[in-house]
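Asks: Would you mind keeping the following structure in view while I ask a few things?
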Amino acid sequence: MAAALIPTSPEEAASLFGEGKDVTVFGGGTILLPEIAAGRLHPTRALMLHKSGLDSLDTSGDVVRIGATTTLAALIDGTDDLLTRFAEHVGDGEVRRTATVGGNLCATPGIGAQRGDLGAPLIALGARVRSTGKGGERTEPVEDFLSGDRAGRLVLSIEYDRPNGNTACQMMRRRHAHSYAIVNVAVCETNGELRVGISGVGAMAVRARSVEQSRNPDDVLKDVEPVSDALASADYRRKMLPLLVRRALDQLESA
Amino acid sequence: MNLIVNGREHEITSPPLTPLLHVLREELEITSPKAGCQQGGCGTCTVLVDGEPRRSCLTAIATVDGASITTLEGLGEAESLSPVQAAFHELYAAQCGFCTPGMVVASTALLERVGGPVSREDVLEALGGHYCRCTGYVKIVDAVMAASRGEVGEVRDMPSPEDGEPDVTIKGSPA
């Protein structure tokens, strides 16, 4: 049985995490707990973050700061922007009271589905991830965090400048509460600078830089290689992705 | 670790990463939360944690140490059903009954939060993650709305056939 480490401050959490060796980070546990209960996952040491004080949500200033263990329910209560639109579609209300923002950001693909809806809006919003691990604390753009070596990092918080431009989103999913996304597109334009985030089409959310430069929706396939899973085939995603990017850009223009 | 379940305090000896569902069913022998999908998808294990509905299968026991838990057993007795339970009974909202514990607990939380009549959309939002594989959703939604309007009377018995009424039992039917 796993040893449960229950830190009572962010500093203690960072110190218990160390460089992440033999540590399984347990946020809300909505992904991990069923795996552990079914005997498919045997963590040596589980770092349980519910008392770590990493759940602060600060929306009072020009920078929105979200602690890693903020629940999706608390995020929806406390914000009303592009990120909220995506958070509202994760699971149902009861799952969102347990699931955390950090856990959603770090979620790897599940059995037959891609996970982690919040990557796309966070990329579009130009969010930065503050994490600790080997080499100490660092803050980096969310797309760099997602494409880097996340295994040795403990997410502490996520922050973004309050969006003052236009935002738009397009989501495609099966019509029930627990279906993961087939395609997620989030776009944000601030002072003429366009940012495009895509999730649900592959293991991790990606930034579609080609579309940002050309504004041609078809270019999204230069940045993203869609995968097949139980929800949709790669071929279907390749057809739907440019369409949804086009709709999001049209929505942005008419906003 | 400690839990207050339906008003009674218990000391918990299960390991910290045990799902609340298993603690309730196996350590405390409180069996109304059902072990359905056990991955957060079906909603029949839903209980109230400090008044808020959550999936007990997705909740590690260490994360709710000291919390107050309400299960279906804490809502009403057979002789004095809660308004939602009475509405489910009167309006035939239970078929096989497997999803009923989660449906009733989540509906009770919705009614407490709203504090008055709820709309169909409110109910669909609150029960959106609860599966009824008998697909009896229409009567469930009707029952929750009726309970929210206080349209629940005495628990009625099923009408018995009057003298002289024809026997409608189908010959050879297991019923």
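Naming scheme: A, B, ... for chains in displayed order of the structure tokens; residues 1 onward per chain; ligands 1 onward as shown.
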Select, as number ranges by chain, those residues of chain A with any atom no more than 9 Å from chain B (distances computed using only C-alpha atoms).

Replies: A: 1-4, 6, 28-38, 46, 48-51, 91-98, 176-178

Asks: Could the residues in this selection be saved with N, CA, C and O atoms as a CSV table (one decimal), in the first residue's frame?

Replies:
```csv
chain,number,residue,atom,x,y,z
A,1,MET,N,0.9,-1.2,0.0
A,1,MET,CA,0.0,0.0,0.0
A,1,MET,C,0.9,1.2,0.0
A,1,MET,O,1.9,1.3,0.6
A,2,ALA,N,0.4,2.2,-0.7
A,2,ALA,CA,1.2,3.4,-0.9
A,2,ALA,C,1.4,4.2,0.4
A,2,ALA,O,0.4,4.3,1.2
A,3,ALA,N,2.5,4.8,0.6
A,3,ALA,CA,2.7,5.8,1.7
A,3,ALA,C,2.1,7.1,1.2
A,3,ALA,O,2.3,7.6,0.1
A,4,ALA,N,1.2,7.6,2.1
A,4,ALA,CA,0.5,8.9,1.7
A,4,ALA,C,1.3,10.0,2.4
A,4,ALA,O,1.5,10.0,3.6
A,6,ILE,N,1.2,13.9,3.2
A,6,ILE,CA,0.1,15.0,3.2
A,6,ILE,C,0.7,16.3,3.7
A,6,ILE,O,0.7,16.5,4.9
A,28,GLY,N,-6.9,16.1,-7.2
A,28,GLY,CA,-8.2,15.7,-6.7
A,28,GLY,C,-8.3,14.2,-6.7
A,28,GLY,O,-9.0,13.7,-5.8
A,29,GLY,N,-7.7,13.5,-7.6
A,29,GLY,CA,-7.7,12.1,-7.6
A,29,GLY,C,-8.7,11.5,-8.5
A,29,GLY,O,-8.9,10.3,-8.5
A,30,THR,N,-9.4,12.3,-9.3
A,30,THR,CA,-10.5,11.8,-10.1
A,30,THR,C,-10.0,10.8,-11.2
A,30,THR,O,-10.7,10.0,-11.7
A,31,ILE,N,-8.7,11.0,-11.6
A,31,ILE,CA,-8.1,10.1,-12.6
A,31,ILE,C,-7.4,9.0,-11.8
A,31,ILE,O,-7.5,7.8,-12.2
A,32,LEU,N,-6.6,9.3,-10.8
A,32,LEU,CA,-5.8,8.4,-10.1
A,32,LEU,C,-6.5,7.4,-9.2
A,32,LEU,O,-6.2,6.2,-9.2
A,33,LEU,N,-7.5,7.8,-8.5
A,33,LEU,CA,-8.1,7.0,-7.5
A,33,LEU,C,-8.8,5.7,-8.1
A,33,LEU,O,-8.6,4.6,-7.5
A,34,PRO,N,-9.6,5.8,-9.2
A,34,PRO,CA,-10.1,4.6,-9.8
A,34,PRO,C,-9.0,3.6,-10.2
A,34,PRO,O,-9.1,2.4,-10.1
A,35,GLU,N,-7.9,4.2,-10.7
A,35,GLU,CA,-6.8,3.3,-11.1
A,35,GLU,C,-6.2,2.6,-9.9
A,35,GLU,O,-5.8,1.4,-10.0
A,36,ILE,N,-6.0,3.3,-8.8
A,36,ILE,CA,-5.4,2.7,-7.6
A,36,ILE,C,-6.4,1.7,-7.0
A,36,ILE,O,-6.0,0.6,-6.7
A,37,ALA,N,-7.7,2.1,-7.0
A,37,ALA,CA,-8.7,1.2,-6.4
A,37,ALA,C,-8.8,-0.1,-7.2
A,37,ALA,O,-9.1,-1.2,-6.6
A,38,ALA,N,-8.6,0.0,-8.5
A,38,ALA,CA,-8.8,-1.2,-9.3
A,38,ALA,C,-7.5,-2.0,-9.4
A,38,ALA,O,-7.4,-3.1,-10.0
A,46,ALA,N,2.5,8.6,-2.5
A,46,ALA,CA,1.5,9.5,-3.1
A,46,ALA,C,1.5,10.8,-2.4
A,46,ALA,O,1.4,10.9,-1.2
A,48,MET,N,-0.3,13.8,-1.6
A,48,MET,CA,-1.7,14.2,-1.6
A,48,MET,C,-1.7,15.7,-1.2
A,48,MET,O,-1.3,16.1,-0.1
A,49,LEU,N,-2.3,16.5,-2.1
A,49,LEU,CA,-2.1,18.0,-2.0
A,49,LEU,C,-3.3,18.7,-1.4
A,49,LEU,O,-3.3,20.0,-1.3
A,50,HIS,N,-4.3,18.0,-0.8
A,50,HIS,CA,-5.5,18.7,-0.4
A,50,HIS,C,-5.3,19.6,0.8
A,50,HIS,O,-6.2,20.5,1.0
A,51,LYS,N,-4.2,19.5,1.6
A,51,LYS,CA,-4.0,20.4,2.7
A,51,LYS,C,-2.8,21.3,2.4
A,51,LYS,O,-2.3,22.0,3.3
A,91,GLY,N,-16.5,16.8,-17.0
A,91,GLY,CA,-17.3,15.9,-16.2
A,91,GLY,C,-18.7,16.5,-15.9
A,91,GLY,O,-19.3,17.1,-16.8
A,92,ASP,N,-19.1,16.4,-14.7
A,92,ASP,CA,-20.3,17.0,-14.2
A,92,ASP,C,-20.0,17.8,-12.9
A,92,ASP,O,-18.9,17.7,-12.4
A,93,GLY,N,-21.0,18.4,-12.3
A,93,GLY,CA,-20.8,19.3,-11.1
A,93,GLY,C,-20.1,18.5,-10.0
A,93,GLY,O,-19.3,19.0,-9.3
A,94,GLU,N,-20.5,17.2,-9.9
A,94,GLU,CA,-19.9,16.5,-8.7
A,94,GLU,C,-18.5,16.1,-9.0
A,94,GLU,O,-17.7,16.1,-8.0
A,95,VAL,N,-18.1,15.8,-10.2
A,95,VAL,CA,-16.7,15.5,-10.5
A,95,VAL,C,-15.9,16.8,-10.4
A,95,VAL,O,-14.8,16.8,-9.9
A,96,ARG,N,-16.5,17.9,-10.8
A,96,ARG,CA,-15.8,19.2,-10.8
A,96,ARG,C,-15.5,19.7,-9.4
A,96,ARG,O,-14.6,20.5,-9.2
A,97,ARG,N,-16.3,19.2,-8.4
A,97,ARG,CA,-16.0,19.6,-7.0
A,97,ARG,C,-14.7,18.9,-6.5
A,97,ARG,O,-14.2,19.2,-5.4
A,98,THR,N,-14.3,17.8,-7.2
A,98,THR,CA,-13.1,17.1,-6.7
A,98,THR,C,-11.9,17.4,-7.7
A,98,THR,O,-10.8,17.5,-7.2
A,176,HIS,N,-22.9,13.7,-23.8
A,176,HIS,CA,-23.3,13.4,-22.4
A,176,HIS,C,-22.2,13.9,-21.4
A,176,HIS,O,-21.1,14.3,-21.9
A,177,ALA,N,-22.5,13.8,-20.2
A,177,ALA,CA,-21.7,14.6,-19.2
A,177,ALA,C,-20.2,14.1,-19.1
A,177,ALA,O,-19.4,14.9,-18.8
A,178,HIS,N,-20.0,12.9,-19.4
A,178,HIS,CA,-18.6,12.4,-19.2
A,178,HIS,C,-17.8,12.2,-20.4
A,178,HIS,O,-16.8,11.5,-20.3
```

Asks: Can you tell me which residues surround range 187-194 of chain A at a distance of at most 9 Å, considering only C-alpha atoms, apart from same-chain residues fewer than 3 positions away, and format the answer as a VMD selection string?

Replies: chain A and resid 82 120 to 121 123 to 126 163 to 170 197 to 198 211 to 213 215 245 248 to 249 252

Asks: Could you list, as a list in words, every residue within 8 Å of Ile12 in chain B, counting only C-alpha atoms and ignoring same-chain residues fewer than 5 positions away?

Replies: Met1, Asn2, Leu3, Val23 and Glu27 of chain B

Asks: Keeping only N, CA and C atoms, write the selected residues to a file as a short mmCIF file (atom, residue, chain, number, x, y, z; two decimals), in the first residue's frame.

Replies:
```
data_model
loop_
_atom_site.label_atom_id
_atom_site.label_comp_id
_atom_site.auth_asym_id
_atom_site.auth_seq_id
_atom_site.Cartn_x
_atom_site.Cartn_y
_atom_site.Cartn_z
N MET B 1 -8.14 8.87 11.35
CA MET B 1 -9.11 9.69 10.61
C MET B 1 -10.51 9.51 11.18
N ASN B 2 -11.31 10.56 11.00
CA ASN B 2 -12.69 10.53 11.51
C ASN B 2 -13.66 10.95 10.43
N LEU B 3 -14.87 10.42 10.52
CA LEU B 3 -15.95 10.84 9.63
C LEU B 3 -17.22 10.95 10.46
N VAL B 23 -15.00 2.82 2.05
CA VAL B 23 -15.06 3.00 3.50
C VAL B 23 -16.51 2.88 3.98
N GLU B 27 -16.24 -0.72 5.45
CA GLU B 27 -15.84 -0.54 6.85
C GLU B 27 -17.05 -0.20 7.72
#
```

Asks: Can you check which residues of chain B DSSP gives as helix (DSSP H, G or I) on the backbone and send them as number ranges by chain?

Replies: B: 20-27, 56-58, 61-64, 72-74, 83-90, 100-114, 120-126, 137-148

Asks: Can you pull out every residue within 7 Å of Gly133 in chain A, counting only C-alpha atoms, but drop anything in the same chain fewer than 2 positions away, and send it as a list in words?

Replies: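 Neighbouring residues, sequence-local ones excluded: Gly18, Glu19, Gly20, Ser131, Gly135, Gly136, Glu137, Gly152, Arg153 and Leu154 of chain A.
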
Asks: Please identify all polymer residues within 7 Å of Ala127 in chain A, counting only C-alpha atoms, omitting same-chain residues fewer than 3 positions from it, and present them as a list in words.

Replies: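 Contacts, in chain order: Leu122, Ile123, Pro141, Val142, Ile158, Glu159 and Tyr160 of chain A.
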
Asks: Go ahead and save the picked residues with all heavy atoms, as an mmCIF file, in the first residue's frame.

Replies:
```cif
data_model
loop_
_atom_site.group_PDB
_atom_site.id
_atom_site.type_symbol
_atom_site.label_atom_id
_atom_site.label_comp_id
_atom_site.auth_asym_id
_atom_site.auth_seq_id
_atom_site.Cartn_x
_atom_site.Cartn_y
_atom_site.Cartn_z
ATOM 1 N N LEU A 122 -5.863 27.796 -21.983
ATOM 2 C CA LEU A 122 -4.699 28.371 -21.289
ATOM 3 C C LEU A 122 -3.640 28.809 -22.294
ATOM 4 O O LEU A 122 -2.992 29.850 -22.122
ATOM 5 C CB LEU A 122 -4.127 27.361 -20.280
ATOM 6 C CG LEU A 122 -4.971 27.167 -19.009
ATOM 7 C CD1 LEU A 122 -4.442 26.011 -18.171
ATOM 8 C CD2 LEU A 122 -5.028 28.447 -18.170
ATOM 9 N N ILE A 123 -3.465 28.043 -23.379
ATOM 10 C CA ILE A 123 -2.514 28.436 -24.425
ATOM 11 C C ILE A 123 -3.000 29.727 -25.093
ATOM 12 O O ILE A 123 -2.234 30.673 -25.285
ATOM 13 C CB ILE A 123 -2.341 27.304 -25.460
ATOM 14 C CG1 ILE A 123 -1.538 26.157 -24.848
ATOM 15 C CG2 ILE A 123 -1.664 27.820 -26.734
ATOM 16 C CD1 ILE A 123 -1.493 24.894 -25.693
ATOM 17 N N PRO A 141 5.915 29.448 -20.328
ATOM 18 C CA PRO A 141 4.639 29.416 -21.051
ATOM 19 C C PRO A 141 4.031 28.017 -21.002
ATOM 20 O O PRO A 141 4.763 27.020 -21.032
ATOM 21 C CB PRO A 141 5.028 29.779 -22.496
ATOM 22 C CG PRO A 141 6.326 30.495 -22.377
ATOM 23 C CD PRO A 141 7.022 29.901 -21.189
ATOM 24 N N VAL A 142 2.699 27.970 -20.947
ATOM 25 C CA VAL A 142 2.026 26.687 -20.762
ATOM 26 C C VAL A 142 2.361 25.710 -21.889
ATOM 27 O O VAL A 142 2.531 24.508 -21.655
ATOM 28 C CB VAL A 142 0.491 26.892 -20.599
ATOM 29 C CG1 VAL A 142 -0.134 27.533 -21.815
ATOM 30 C CG2 VAL A 142 -0.216 25.584 -20.296
ATOM 31 N N ILE A 158 -0.894 28.561 -11.888
ATOM 32 C CA ILE A 158 -1.028 28.943 -13.291
ATOM 33 C C ILE A 158 -1.517 30.379 -13.292
ATOM 34 O O ILE A 158 -2.378 30.741 -12.478
ATOM 35 C CB ILE A 158 -2.044 28.022 -14.004
ATOM 36 C CG1 ILE A 158 -1.545 26.569 -13.979
ATOM 37 C CG2 ILE A 158 -2.292 28.472 -15.430
ATOM 38 C CD1 ILE A 158 -2.635 25.552 -14.071
ATOM 39 N N GLU A 159 -0.967 31.221 -14.157
ATOM 40 C CA GLU A 159 -1.424 32.616 -14.179
ATOM 41 C C GLU A 159 -1.510 33.127 -15.607
ATOM 42 O O GLU A 159 -0.825 32.623 -16.504
ATOM 43 C CB GLU A 159 -0.469 33.496 -13.362
ATOM 44 C CG GLU A 159 0.962 33.452 -13.868
ATOM 45 C CD GLU A 159 1.878 34.423 -13.130
ATOM 46 O OE1 GLU A 159 1.814 34.460 -11.892
ATOM 47 O OE2 GLU A 159 2.640 35.138 -13.808
ATOM 48 N N TYR A 160 -2.409 34.077 -15.819
ATOM 49 C CA TYR A 160 -2.485 34.727 -17.133
ATOM 50 C C TYR A 160 -2.979 36.147 -16.947
ATOM 51 O O TYR A 160 -3.676 36.462 -15.981
ATOM 52 C CB TYR A 160 -3.378 33.949 -18.102
ATOM 53 C CG TYR A 160 -4.787 33.662 -17.620
ATOM 54 C CD1 TYR A 160 -5.823 34.576 -17.824
ATOM 55 C CD2 TYR A 160 -5.085 32.471 -16.962
ATOM 56 C CE1 TYR A 160 -7.111 34.302 -17.396
ATOM 57 C CE2 TYR A 160 -6.365 32.192 -16.520
ATOM 58 C CZ TYR A 160 -7.377 33.112 -16.734
ATOM 59 O OH TYR A 160 -8.650 32.852 -16.294
#
```

Asks: Counting only C-alpha atoms, which residue out of B:Lys139, B:His89, B:Arg8, B:Arg149 sits closest to Gly66 in chain B?

Replies: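 The shortest atom-to-atom distance to Gly66 in chain B comes from B:Arg8.
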
Asks: Which residues, written as a VMD selection string, have at least one atom at most 7 Å from range 63-75 of chain A, with only C-alpha atoms counted and residues fewer than 4 positions away on the same chain left out?

Replies: chain A and resid 27 54 to 59 79 87 93 96 to 102 155 to 162

Asks: For those residues, write N, CA, C and O atoms to a file as an mmCIF file, in the first residue's frame.

Replies:
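What landed in again-v9.cif:
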```cif
data_model
loop_
_atom_site.group_PDB
_atom_site.id
_atom_site.type_symbol
_atom_site.label_atom_id
_atom_site.label_comp_id
_atom_site.auth_asym_id
_atom_site.auth_seq_id
_atom_site.Cartn_x
_atom_site.Cartn_y
_atom_site.Cartn_z
ATOM 1 N N GLY A 27 -3.766 15.100 -6.993
ATOM 2 C CA GLY A 27 -4.474 16.384 -6.857
ATOM 3 C C GLY A 27 -5.857 16.114 -6.294
ATOM 4 O O GLY A 27 -6.043 15.894 -5.102
ATOM 5 N N LEU A 54 -2.323 25.016 -1.831
ATOM 6 C CA LEU A 54 -2.084 25.418 -3.230
ATOM 7 C C LEU A 54 -3.399 25.697 -3.956
ATOM 8 O O LEU A 54 -3.457 25.701 -5.172
ATOM 9 N N ASP A 55 -4.471 25.920 -3.188
ATOM 10 C CA ASP A 55 -5.794 26.062 -3.822
ATOM 11 C C ASP A 55 -6.292 27.501 -3.860
ATOM 12 O O ASP A 55 -7.490 27.744 -3.953
ATOM 13 N N SER A 56 -5.359 28.475 -3.799
ATOM 14 C CA SER A 56 -5.825 29.874 -3.799
ATOM 15 C C SER A 56 -6.173 30.321 -5.211
ATOM 16 O O SER A 56 -5.520 29.940 -6.179
ATOM 17 N N LEU A 57 -7.230 31.094 -5.321
ATOM 18 C CA LEU A 57 -7.652 31.632 -6.617
ATOM 19 C C LEU A 57 -7.736 33.147 -6.470
ATOM 20 O O LEU A 57 -8.516 33.649 -5.659
ATOM 21 N N ASP A 58 -6.900 33.870 -7.221
ATOM 22 C CA ASP A 58 -6.874 35.331 -7.096
ATOM 23 C C ASP A 58 -7.277 35.955 -8.429
ATOM 24 O O ASP A 58 -6.548 35.871 -9.414
ATOM 25 N N THR A 59 -8.449 36.552 -8.446
ATOM 26 C CA THR A 59 -8.941 37.165 -9.684
ATOM 27 C C THR A 59 -9.107 38.675 -9.502
ATOM 28 O O THR A 59 -9.748 39.328 -10.315
ATOM 29 N N THR A 79 -14.455 32.685 -11.872
ATOM 30 C CA THR A 79 -14.035 33.319 -13.119
ATOM 31 C C THR A 79 -15.191 33.323 -14.115
ATOM 32 O O THR A 79 -16.159 32.587 -13.958
ATOM 33 N N ALA A 87 -13.926 24.830 -18.672
ATOM 34 C CA ALA A 87 -14.037 24.137 -17.375
ATOM 35 C C ALA A 87 -15.457 23.629 -17.161
ATOM 36 O O ALA A 87 -15.667 22.559 -16.579
ATOM 37 N N GLY A 93 -21.014 18.447 -12.342
ATOM 38 C CA GLY A 93 -20.772 19.261 -11.150
ATOM 39 C C GLY A 93 -20.115 18.497 -10.015
ATOM 40 O O GLY A 93 -19.272 19.043 -9.297
ATOM 41 N N ARG A 96 -16.503 17.929 -10.821
ATOM 42 C CA ARG A 96 -15.766 19.209 -10.787
ATOM 43 C C ARG A 96 -15.505 19.696 -9.367
ATOM 44 O O ARG A 96 -14.634 20.523 -9.158
ATOM 45 N N ARG A 97 -16.262 19.202 -8.376
ATOM 46 C CA ARG A 97 -15.981 19.582 -6.990
ATOM 47 C C ARG A 97 -14.736 18.879 -6.470
ATOM 48 O O ARG A 97 -14.208 19.242 -5.424
ATOM 49 N N THR A 98 -14.277 17.848 -7.154
ATOM 50 C CA THR A 98 -13.105 17.094 -6.725
ATOM 51 C C THR A 98 -11.914 17.354 -7.650
ATOM 52 O O THR A 98 -10.781 17.485 -7.202
ATOM 53 N N ALA A 99 -12.172 17.449 -8.960
ATOM 54 C CA ALA A 99 -11.098 17.592 -9.953
ATOM 55 C C ALA A 99 -10.396 18.936 -9.806
ATOM 56 O O ALA A 99 -11.026 19.944 -9.484
ATOM 57 N N THR A 100 -9.076 18.958 -10.045
ATOM 58 C CA THR A 100 -8.306 20.197 -9.893
ATOM 59 C C THR A 100 -7.782 20.707 -11.242
ATOM 60 O O THR A 100 -7.648 19.943 -12.207
ATOM 61 N N VAL A 101 -7.466 22.004 -11.264
ATOM 62 C CA VAL A 101 -6.948 22.638 -12.477
ATOM 63 C C VAL A 101 -5.584 22.036 -12.847
ATOM 64 O O VAL A 101 -5.333 21.705 -14.010
ATOM 65 N N GLY A 102 -4.716 21.862 -11.857
ATOM 66 C CA GLY A 102 -3.386 21.300 -12.129
ATOM 67 C C GLY A 102 -3.484 19.883 -12.677
ATOM 68 O O GLY A 102 -2.758 19.513 -13.603
ATOM 69 N N VAL A 155 3.366 21.178 -10.407
ATOM 70 C CA VAL A 155 2.732 22.470 -10.726
ATOM 71 C C VAL A 155 2.307 23.151 -9.430
ATOM 72 O O VAL A 155 1.662 22.539 -8.570
ATOM 73 N N LEU A 156 2.697 24.419 -9.282
ATOM 74 C CA LEU A 156 2.308 25.190 -8.099
ATOM 75 C C LEU A 156 1.133 26.111 -8.414
ATOM 76 O O LEU A 156 0.185 26.207 -7.652
ATOM 77 N N SER A 157 1.244 26.810 -9.547
ATOM 78 C CA SER A 157 0.144 27.707 -9.922
ATOM 79 C C SER A 157 0.199 28.005 -11.411
ATOM 80 O O SER A 157 1.196 27.739 -12.087
ATOM 81 N N ILE A 158 -0.894 28.561 -11.888
ATOM 82 C CA ILE A 158 -1.028 28.943 -13.291
ATOM 83 C C ILE A 158 -1.517 30.379 -13.292
ATOM 84 O O ILE A 158 -2.378 30.741 -12.478
ATOM 85 N N GLU A 159 -0.967 31.221 -14.157
ATOM 86 C CA GLU A 159 -1.424 32.616 -14.179
ATOM 87 C C GLU A 159 -1.510 33.127 -15.607
ATOM 88 O O GLU A 159 -0.825 32.623 -16.504
ATOM 89 N N TYR A 160 -2.409 34.077 -15.819
ATOM 90 C CA TYR A 160 -2.485 34.727 -17.133
ATOM 91 C C TYR A 160 -2.979 36.147 -16.947
ATOM 92 O O TYR A 160 -3.676 36.462 -15.981
ATOM 93 N N ASP A 161 -2.575 37.028 -17.897
ATOM 94 C CA ASP A 161 -3.054 38.407 -17.848
ATOM 95 C C ASP A 161 -4.528 38.397 -18.189
ATOM 96 O O ASP A 161 -4.945 37.709 -19.130
ATOM 97 N N ARG A 162 -5.304 39.153 -17.425
ATOM 98 C CA ARG A 162 -6.743 39.195 -17.679
ATOM 99 C C ARG A 162 -6.974 39.564 -19.145
ATOM 100 O O ARG A 162 -6.453 40.564 -19.628
#
```
